[in-house]
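What follows is a short report on a single structure.
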Amino acid sequence: MGNGDPVLDAAREMVLAVGVRRTTLTDVARRAGLSRMTIYRRWPDVRGLVADLMTREWVLVASRFAAEDPVTAAVGVVRELRDHPLWRKIVEVDPELLLPYLLHRRGSSHEAMLALVESAIARGQTLGTVRPGDPGTLAGSVLLTAQSFLLSGPTMLGPLTQDDLDAELATLLERYLRP
């Protein structure tokens, strides 16, 4: 799934093959057909490279906020990320990688997604389909809600299904955002 950057494409292939902990910059350089120094100039360590990879992948998925209403987009993004091979690999093999972004700070993925959600909310406010309020505050709440369904949703499966959870997320967000 090449998205334009051969280093990020190579990193994606490596993470999918062996997980984050077993991915090295040397392996990524080899797979990308570049020297290690070329990689090290841009990324001093694998974590930084993987953070950029996650940002690329998650923002690509979240780009639907540019064309859809915030509720449809949020539910669609959760559904798509839940099935995304990179997301699944990280959650299954290297979940500790996500902890700093869940407990301590926002990363560049969060910042980019917040901007997309905020823009969709502001557009909805202009159209009269989203209630008044600070778009940034509303976007933060939408992102937190969607993130909780993405991360903790699997703990509610059986008897609930993914479709049930998606419908509940839509209901929550509809009621929160609608005028």
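A note on labels: chains of the structure tokens are A, B, ... as shown, every chain counts residues from 1, and ligands are counted from 1 in their shown order.
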
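Counting only C-alpha atoms, region 66-77 of chain A has the following residues at most 7 Å away, ignoring those fewer than 6 positions along the same chain: Leu116, Val117, Ala120, Ile121, Gly124, Ala146, Asp166, Leu169, Ala170, Leu173 and Glu174 of chain A.
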
Take the residues just selected and output them with C-alpha atoms as a PDB file, in the first residue's frame.
ATOM      1  CA  LEU A 116     -10.162  17.529  10.585  1.00  0.00           C
ATOM      2  CA  VAL A 117     -12.974  16.991  13.102  1.00  0.00           C
ATOM      3  CA  ALA A 120     -16.212  19.202   9.876  1.00  0.00           C
ATOM      4  CA  ILE A 121     -17.973  20.565  12.953  1.00  0.00           C
ATOM      5  CA  GLY A 124     -21.857  21.563  10.094  1.00  0.00           C
ATOM      6  CA  ALA A 146     -14.700   7.841  19.131  1.00  0.00           C
ATOM      7  CA  ASP A 166     -21.318   1.563  15.810  1.00  0.00           C
ATOM      8  CA  LEU A 169     -21.654   5.624  18.839  1.00  0.00           C
ATOM      9  CA  ALA A 170     -23.754   7.248  16.113  1.00  0.00           C
ATOM     10  CA  LEU A 173     -22.685  11.692  18.671  1.00  0.00           C
ATOM     11  CA  GLU A 174     -25.968  12.609  16.948  1.00  0.00           C
TER      12      GLU A 174
END

Report as a ChimeraX atom specification all protein, DNA and RNA residues lying within 6 Å of Leu53 (chain A), evaluated on only C-alpha atoms, omitting residues in the same chain fewer than 3 positions from it. /A:8,50,56

Can you build me a table of region 73-166 of chain A residues sitting at most 9 Å from region 19-42 of chain A, with the closest atom pair per residue and its distance in Å to one decimal, using only C-alpha atoms, sorted by chain and residue number, as a Markdown table?
| residue | atom | partner | partner_atom | distance |
| --- | --- | --- | --- | --- |
| A:Lys89 | CA | A:Gly19 | CA | 6.7 |
| A:Ile90 | CA | A:Gly19 | CA | 6.9 |
| A:Val93 | CA | A:Gly19 | CA | 6.2 |
| A:Asp94 | CA | A:Val20 | CA | 6.4 |
| A:Leu97 | CA | A:Val20 | CA | 8.4 |

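Restricting the calculation to only C-alpha atoms, the smallest distance between Ala51 (chain A) and any of A:Pro154, A:Pro100, A:Gly136, A:Gly107 is found for A:Gly107.
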
Taking only C-alpha atoms into account, which of A:Val7, A:Leu172, A:Val130, A:Leu114 comes nearest Trp58 (chain A)? A:Leu114

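As for CA of Arg175 (chain A) and CA of Leu127 (chain A), they are spaced 16.8 Å apart.
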
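For the pair CA of Ser141 (chain A) and CA of Thr155 (chain A), the interatomic distance is 21.1 Å.
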
Taking the backbone alone, and naming residues the way the document does, which bits of region 16-154 of chain A are helix (DSSP H, G or I) by DSSP, as a ChimeraX atom specification? /A:16-18,25-32,36-42,46-66,70-83,85-93,95-103,108-127,135-154

Preceding selection exported with C-alpha atoms as a compact mmCIF listing (two decimals), in the first residue's frame:
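So the final result, stored in selection32.txt, reads:
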# COMPACT_ATOMS: atom_id res chain seq x y z
CA LEU A 16 3.11 -5.59 9.73
CA ALA A 17 5.64 -8.41 9.39
CA VAL A 18 7.31 -8.35 12.81
CA LEU A 25 15.92 1.27 11.20
CA THR A 26 18.47 -0.94 9.45
CA ASP A 27 15.72 -3.30 8.30
CA VAL A 28 13.60 -0.37 7.13
CA ALA A 29 16.54 1.12 5.21
CA ARG A 30 17.24 -2.22 3.55
CA ARG A 31 13.59 -2.69 2.59
CA ALA A 32 13.39 0.88 1.24
CA ARG A 36 20.94 3.72 7.11
CA MET A 37 22.31 7.25 7.30
CA THR A 38 19.53 8.50 5.03
CA ILE A 39 17.00 7.07 7.47
CA TYR A 40 18.86 8.27 10.60
CA ARG A 41 18.99 11.83 9.29
CA ARG A 42 15.21 11.93 9.29
CA VAL A 46 12.13 3.55 15.29
CA ARG A 47 9.56 5.12 17.62
CA GLY A 48 9.75 8.43 15.76
CA LEU A 49 9.47 6.66 12.43
CA VAL A 50 6.49 4.63 13.61
CA ALA A 51 4.84 7.78 15.01
CA ASP A 52 5.11 9.38 11.56
CA LEU A 53 3.79 6.20 9.98
CA MET A 54 0.80 6.12 12.33
CA THR A 55 0.09 9.78 11.62
CA ARG A 56 0.13 9.13 7.87
CA GLU A 57 -2.12 6.09 8.13
CA TRP A 58 -4.62 7.45 10.66
CA VAL A 59 -4.96 10.84 8.96
CA LEU A 60 -5.56 9.11 5.63
CA VAL A 61 -8.45 7.24 7.23
CA ALA A 62 -9.72 10.38 8.99
CA SER A 63 -9.71 12.40 5.77
CA ARG A 64 -13.36 11.39 5.38
CA PHE A 65 -14.14 14.24 7.81
CA ALA A 66 -13.46 16.58 4.88
CA PRO A 70 -19.09 14.62 11.65
CA VAL A 71 -21.20 11.72 12.94
CA THR A 72 -21.02 9.64 9.77
CA ALA A 73 -17.30 10.37 9.52
CA ALA A 74 -16.56 9.51 13.16
CA VAL A 75 -18.38 6.17 13.00
CA GLY A 76 -16.74 5.39 9.65
CA VAL A 77 -13.28 6.25 10.96
CA VAL A 78 -13.73 4.04 14.02
CA ARG A 79 -14.94 1.19 11.82
CA GLU A 80 -12.09 1.61 9.34
CA LEU A 81 -9.37 1.97 11.98
CA ARG A 82 -10.72 -1.05 13.87
CA ASP A 83 -10.06 -3.14 10.74
CA PRO A 85 -4.00 -3.86 9.47
CA LEU A 86 -1.48 -1.51 11.10
CA TRP A 87 -3.87 -0.64 13.95
CA ARG A 88 -4.63 -4.31 14.53
CA LYS A 89 -0.93 -5.25 14.56
CA ILE A 90 -0.04 -2.51 17.04
CA VAL A 91 -2.97 -3.34 19.34
CA GLU A 92 -2.23 -7.07 19.21
CA VAL A 93 1.59 -6.99 19.42
CA PRO A 95 -0.20 -1.96 22.60
CA GLU A 96 2.14 -0.17 25.02
CA LEU A 97 3.11 2.06 22.09
CA LEU A 98 -0.32 3.73 22.37
CA LEU A 99 -0.19 4.45 26.12
CA PRO A 100 1.61 7.83 26.05
CA TYR A 101 -1.00 9.11 23.59
CA LEU A 102 -3.86 7.84 25.69
CA LEU A 103 -2.67 8.93 29.10
CA SER A 108 0.73 14.58 15.78
CA SER A 109 -1.99 12.10 14.80
CA HIS A 110 -4.30 13.58 17.43
CA GLU A 111 -3.52 17.12 16.32
CA ALA A 112 -4.21 16.32 12.66
CA MET A 113 -7.41 14.45 13.49
CA LEU A 114 -8.61 17.22 15.79
CA ALA A 115 -8.15 19.72 12.97
CA LEU A 116 -10.16 17.53 10.58
CA VAL A 117 -12.97 16.99 13.10
CA GLU A 118 -13.03 20.67 14.04
CA SER A 119 -13.33 21.65 10.39
CA ALA A 120 -16.21 19.20 9.88
CA ILE A 121 -17.97 20.56 12.95
CA ALA A 122 -17.51 24.18 11.84
CA ARG A 123 -18.88 23.23 8.40
CA GLY A 124 -21.86 21.56 10.09
CA GLN A 125 -22.46 24.66 12.19
CA THR A 126 -22.49 26.78 9.05
CA LEU A 127 -25.04 24.38 7.50
CA PRO A 135 -15.73 23.79 17.34
CA GLY A 136 -12.45 22.90 19.04
CA THR A 137 -14.18 21.87 22.26
CA LEU A 138 -16.79 19.86 20.38
CA ALA A 139 -14.08 18.23 18.25
CA GLY A 140 -12.14 17.17 21.35
CA SER A 141 -15.23 15.53 22.81
CA VAL A 142 -16.04 13.76 19.54
CA LEU A 143 -12.47 12.48 19.28
CA LEU A 144 -12.44 11.25 22.89
CA THR A 145 -15.75 9.45 22.41
CA ALA A 146 -14.70 7.84 19.13
CA GLN A 147 -11.35 6.86 20.62
CA SER A 148 -13.04 5.12 23.55
CA PHE A 149 -15.23 3.10 21.17
CA LEU A 150 -12.18 2.18 19.09
CA LEU A 151 -10.02 1.14 22.04
CA SER A 152 -12.50 -0.29 24.52
CA GLY A 153 -15.28 -1.41 22.19
CA PRO A 154 -13.95 -4.97 21.99
